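A.B. asks: Here you go, this is start.tsv (TSV, C-alpha atoms).
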```
chain	number	residue	atom	x	y	z
A	1	MET	CA	12.28	102.54	-188.48
A	2	ARG	CA	14.95	100.27	-187.02
A	3	ASN	CA	17.25	100.95	-189.99
A	4	LYS	CA	16.91	104.70	-189.47
A	5	ALA	CA	17.79	104.36	-185.79
A	6	LEU	CA	20.81	102.22	-186.65
A	7	LEU	CA	21.88	104.68	-189.34
A	8	LEU	CA	21.58	107.63	-186.94
A	9	PHE	CA	23.53	105.75	-184.28
A	10	CYS	CA	26.35	105.03	-186.76
A	11	PHE	CA	26.40	108.63	-187.97
A	12	PHE	CA	26.64	110.10	-184.47
A	13	SER	CA	29.27	107.54	-183.47
A	14	LEU	CA	31.43	108.52	-186.43
A	15	PHE	CA	30.85	112.20	-185.70
A	16	ILE	CA	31.98	111.86	-182.08
A	17	VAL	CA	35.03	109.79	-183.00
A	18	SER	CA	36.11	112.20	-185.75
A	19	CYS	CA	35.75	115.23	-183.48
A	20	THR	CA	37.83	113.73	-180.70
A	21	HIS	CA	40.56	112.15	-182.84
A	22	TRP	CA	42.83	115.21	-182.93
A	23	ARG	CA	42.67	115.54	-179.13
A	24	GLU	CA	43.44	111.88	-178.53
A	25	THR	CA	46.38	111.93	-180.93
A	26	ALA	CA	48.05	114.97	-179.38
A	27	GLY	CA	46.83	114.25	-175.85
A	28	GLU	CA	45.96	116.78	-173.21
A	29	ILE	CA	48.26	119.40	-174.75
A	30	ALA	CA	46.11	119.61	-177.89
A	31	GLY	CA	44.13	122.79	-178.36
A	32	MET	CA	44.46	126.52	-178.75
A	33	TRP	CA	46.44	128.23	-175.99
A	34	GLN	CA	46.52	131.97	-175.36
A	35	MET	CA	49.64	133.28	-173.65
A	36	THR	CA	48.61	135.16	-170.53
A	37	GLU	CA	52.08	135.95	-169.19
A	38	TRP	CA	55.68	135.62	-170.26
A	39	ARG	CA	58.46	136.22	-167.73
A	40	ASN	CA	62.16	136.12	-168.44
A	41	ALA	CA	64.63	134.32	-166.15
A	42	ASP	CA	64.94	137.47	-164.00
A	43	GLY	CA	61.17	137.56	-163.41
A	44	GLN	CA	60.56	140.59	-165.64
A	45	ILE	CA	57.23	140.45	-167.51
A	46	LEU	CA	57.87	140.51	-171.26
A	47	ALA	CA	54.29	140.00	-172.45
A	48	THR	CA	50.74	139.54	-171.23
A	49	GLN	CA	47.60	138.40	-173.00
A	50	ASP	CA	47.31	141.89	-174.52
A	51	LYS	CA	50.13	140.99	-176.91
A	52	GLY	CA	47.89	138.29	-178.41
A	53	ILE	CA	50.30	135.37	-178.72
A	54	TYR	CA	48.70	131.99	-179.45
A	55	TYR	CA	50.06	128.46	-179.67
A	56	CYS	CA	47.72	126.05	-181.42
A	57	ILE	CA	48.60	122.38	-181.03
A	58	GLN	CA	46.87	119.75	-183.14
A	59	LEU	CA	47.96	116.26	-184.19
A	60	ASP	CA	51.72	116.58	-184.87
A	61	LEU	CA	51.77	120.33	-185.62
A	62	MET	CA	52.11	123.52	-183.63
A	63	LYS	CA	51.05	126.88	-184.97
A	64	PHE	CA	52.49	130.10	-183.54
A	65	GLN	CA	50.59	133.29	-184.29
A	66	GLN	CA	50.13	136.80	-183.00
A	67	LYS	CA	46.69	138.41	-183.18
A	68	ASP	CA	46.13	140.93	-185.94
A	69	LYS	CA	48.94	139.38	-188.02
A	70	GLU	CA	48.16	137.31	-191.07
A	71	ASP	CA	51.45	135.43	-191.17
A	72	TYR	CA	52.22	132.57	-188.80
A	73	TYR	CA	54.72	129.78	-188.15
A	74	LEU	CA	54.20	126.02	-188.24
A	75	SER	CA	56.34	123.37	-186.64
A	76	TYR	CA	56.32	119.69	-185.90
A	77	TYR	CA	56.89	119.01	-182.23
A	78	THR	CA	57.72	116.25	-179.77
A	79	HIS	CA	55.70	115.94	-176.57
A	80	THR	CA	56.71	113.74	-173.67
A	81	ARG	CA	55.33	113.61	-170.15
A	82	ASP	CA	57.36	116.65	-169.06
A	83	SER	CA	58.80	118.16	-172.24
A	84	LEU	CA	57.74	119.99	-175.37
A	85	ILE	CA	60.35	120.23	-178.11
A	86	VAL	CA	59.75	122.42	-181.15
A	87	GLY	CA	61.11	121.03	-184.42
A	88	LYS	CA	61.76	122.52	-187.85
A	89	ILE	CA	59.91	125.83	-188.28
A	90	VAL	CA	58.23	127.01	-191.47
A	91	HIS	CA	56.94	130.54	-192.03
A	92	TRP	CA	53.65	131.04	-193.84
A	93	PRO	CA	52.93	132.42	-196.45
A	94	SER	CA	56.52	132.35	-197.71
A	95	ASP	CA	56.92	128.59	-197.05
A	96	SER	CA	60.47	129.26	-195.92
A	97	VAL	CA	62.31	127.30	-193.23
A	98	CYS	CA	63.25	129.51	-190.28
A	99	SER	CA	65.57	129.31	-187.31
A	100	PHE	CA	64.35	129.42	-183.71
A	101	SER	CA	65.20	133.11	-183.64
A	102	ALA	CA	62.08	133.71	-185.78
A	103	LEU	CA	59.98	132.62	-182.78
A	104	GLU	CA	61.98	134.53	-180.18
A	105	SER	CA	59.27	137.23	-180.05
A	106	MET	CA	56.73	134.53	-179.17
A	107	GLY	CA	58.65	133.07	-176.25
A	108	VAL	CA	60.29	130.08	-177.90
A	109	PRO	CA	63.80	129.52	-176.48
A	110	ALA	CA	66.87	129.40	-178.71
A	111	ASP	CA	67.00	125.58	-178.57
A	112	GLY	CA	63.22	125.08	-178.91
A	113	ARG	CA	63.02	123.03	-175.70
A	114	PHE	CA	60.43	123.61	-172.97
A	115	HIS	CA	59.82	121.88	-169.67
A	116	ILE	CA	56.10	121.37	-168.98
A	117	ASP	CA	55.48	122.62	-165.44
A	118	VAL	CA	51.66	122.56	-165.53
A	119	LEU	CA	49.29	120.93	-168.01
A	120	ASN	CA	45.60	120.50	-167.31
A	121	ASP	CA	42.29	121.24	-169.00
A	122	ASP	CA	42.60	124.98	-168.41
A	123	HIS	CA	46.27	125.91	-167.97
A	124	LEU	CA	49.65	125.27	-169.51
A	125	GLN	CA	52.93	126.49	-168.05
A	126	LEU	CA	56.14	126.06	-170.03
A	127	SER	CA	59.60	126.94	-168.79
A	128	SER	CA	63.13	127.06	-170.11
A	129	LYS	CA	66.42	128.61	-169.04
A	130	GLU	CA	65.20	131.79	-170.70
A	131	GLY	CA	61.87	132.19	-168.88
A	132	THR	CA	58.37	130.98	-168.11
A	133	LEU	CA	55.26	131.10	-170.29
A	134	LEU	CA	51.74	130.87	-168.87
A	135	PHE	CA	48.77	129.98	-171.08
A	136	ARG	CA	45.06	129.52	-170.77
A	137	ARG	CA	43.07	127.23	-173.01
A	138	TYR	CA	41.31	129.49	-175.49
```
Take the structure in the file and write it out as structure tokens.
C.D. replies:
Amino acid sequence: MRNKALLLFCFFSLFIVSCTHWRETAGEIAGMWQMTEWRNADGQILATQDKGIYYCIQLDLMKFQQKDKEDYYLSYYTHTRDSLIVGKIVHWPSDSVCSFSALESMGVPADGRFHIDVLNDDHLQLSSKEGTLLFRRY
């Protein structure tokens, strides 16, 4: 009986650690984020959540995808306390390297650099010279 209890304890400990690893590695920014609003530098709304733009951040990768589209983009990224910098971009399924212009329709600036204005359990706000993106954790 004691061995079963010890075995169950070990199993659940491993389960909890494995489920939280991706969040601890990427920090608070890890998760799936749905864009709720995108405003350009002039304050004009370019997109709302109806457009279905998602940023998924896990470990060292970001995934950019629009709902109802099968293709998506992957990128390594750098995250500091107040910055998010998108790296080399690869398009799937073609496995081709793309320029930042490929992500222009998803709010990524031409240089791939964002300032993190707000980051908490529920909301993410990114800004650049080109505009501001608001997200909710999805």
A.B. asks: Excluding Trp38 of chain A and its own-chain neighbours fewer than 2 positions away, which residues fall within 8 Å of it when counting only C-alpha atoms? Please give them as a list in words.
C.D. replies: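 Everything that qualifies: Met35, Thr36, Asn40, Ile45, Leu46, Ala47, Thr48, Gly107, Gly131, Thr132, Leu133 and Leu134 of chain A.
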A.B. asks: At a cut-off of 10 Å, using only C-alpha atoms, what residues contact segment 94-96 of chain A? Leave out same-chain residues fewer than 5 positions from it and give the result as a ChimeraX atom specification.
C.D. replies: /A:71-74,89
A.B. asks: Would you mind reading off the distance between atom CA of Lys129 of chain A and atom CA of Tyr55 of chain A, one decimal, in Å?
C.D. replies: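 Interatomic distance, atom CA of Lys129 of chain A to atom CA of Tyr55 of chain A: 19.5 Å.
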A.B. asks: Between atom CA of Gly52 of chain A and atom CA of Asp82 of chain A, measure the distance and give it in Å to one decimal.
C.D. replies: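 These two atoms are separated by 25.4 Å.
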A.B. asks: Select, from A:Val90, A:Tyr138, A:Leu126, A:Ser105, the residue with the minimum atom-to-atom distance to Lys51 of chain A, counting only C-alpha atoms.
C.D. replies: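 Closest to Lys51 of chain A of all the choices is A:Ser105.
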A.B. asks: Which residue out of A:Ala110, A:Leu84, A:Met32, A:Ala41 has the minimum interatomic distance to Lys63 of chain A when only C-alpha atoms are used?
C.D. replies: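 Selected residue with least distance to Lys63 of chain A: A:Met32.
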A.B. asks: Quick one: residues within 8 Å of Gly31 of chain A, all atoms listed in the file counted, chain neighbours fewer than 5 positions away excluded, as a list in words?
C.D. replies: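 Listing them by chain and then by number gives Arg23, Cys56, Ile57, Gln58, Arg137 and Tyr138 of chain A.
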A.B. asks: Atom CA of Arg113 of chain A and atom CA of Lys69 of chain A, how far apart in Å?
C.D. replies: 24.8 Å
A.B. asks: Just want the 6 Å neighbourhood of Gln34 of chain A, counted on all atoms listed in the file, with same-chain residues fewer than 6 positions away dropped. Output as an mmCIF file with C-alpha atoms, in the frame of the given file.
C.D. replies:
```cif
data_model
loop_
_atom_site.group_PDB
_atom_site.id
_atom_site.type_symbol
_atom_site.label_atom_id
_atom_site.label_comp_id
_atom_site.auth_asym_id
_atom_site.auth_seq_id
_atom_site.Cartn_x
_atom_site.Cartn_y
_atom_site.Cartn_z
ATOM 1 C CA TYR A 54 48.700 131.990 -179.450
ATOM 2 C CA PHE A 135 48.770 129.980 -171.080
ATOM 3 C CA ARG A 136 45.060 129.520 -170.770
ATOM 4 C CA TYR A 138 41.310 129.490 -175.490
#
```
A.B. asks: Which one is closest to Ser127 of chain A: A:Phe64, A:Glu37, A:Cys98, A:Tyr76? Count all atoms listed in the file.
C.D. replies: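 The closest residue to Ser127 of chain A is A:Glu37.
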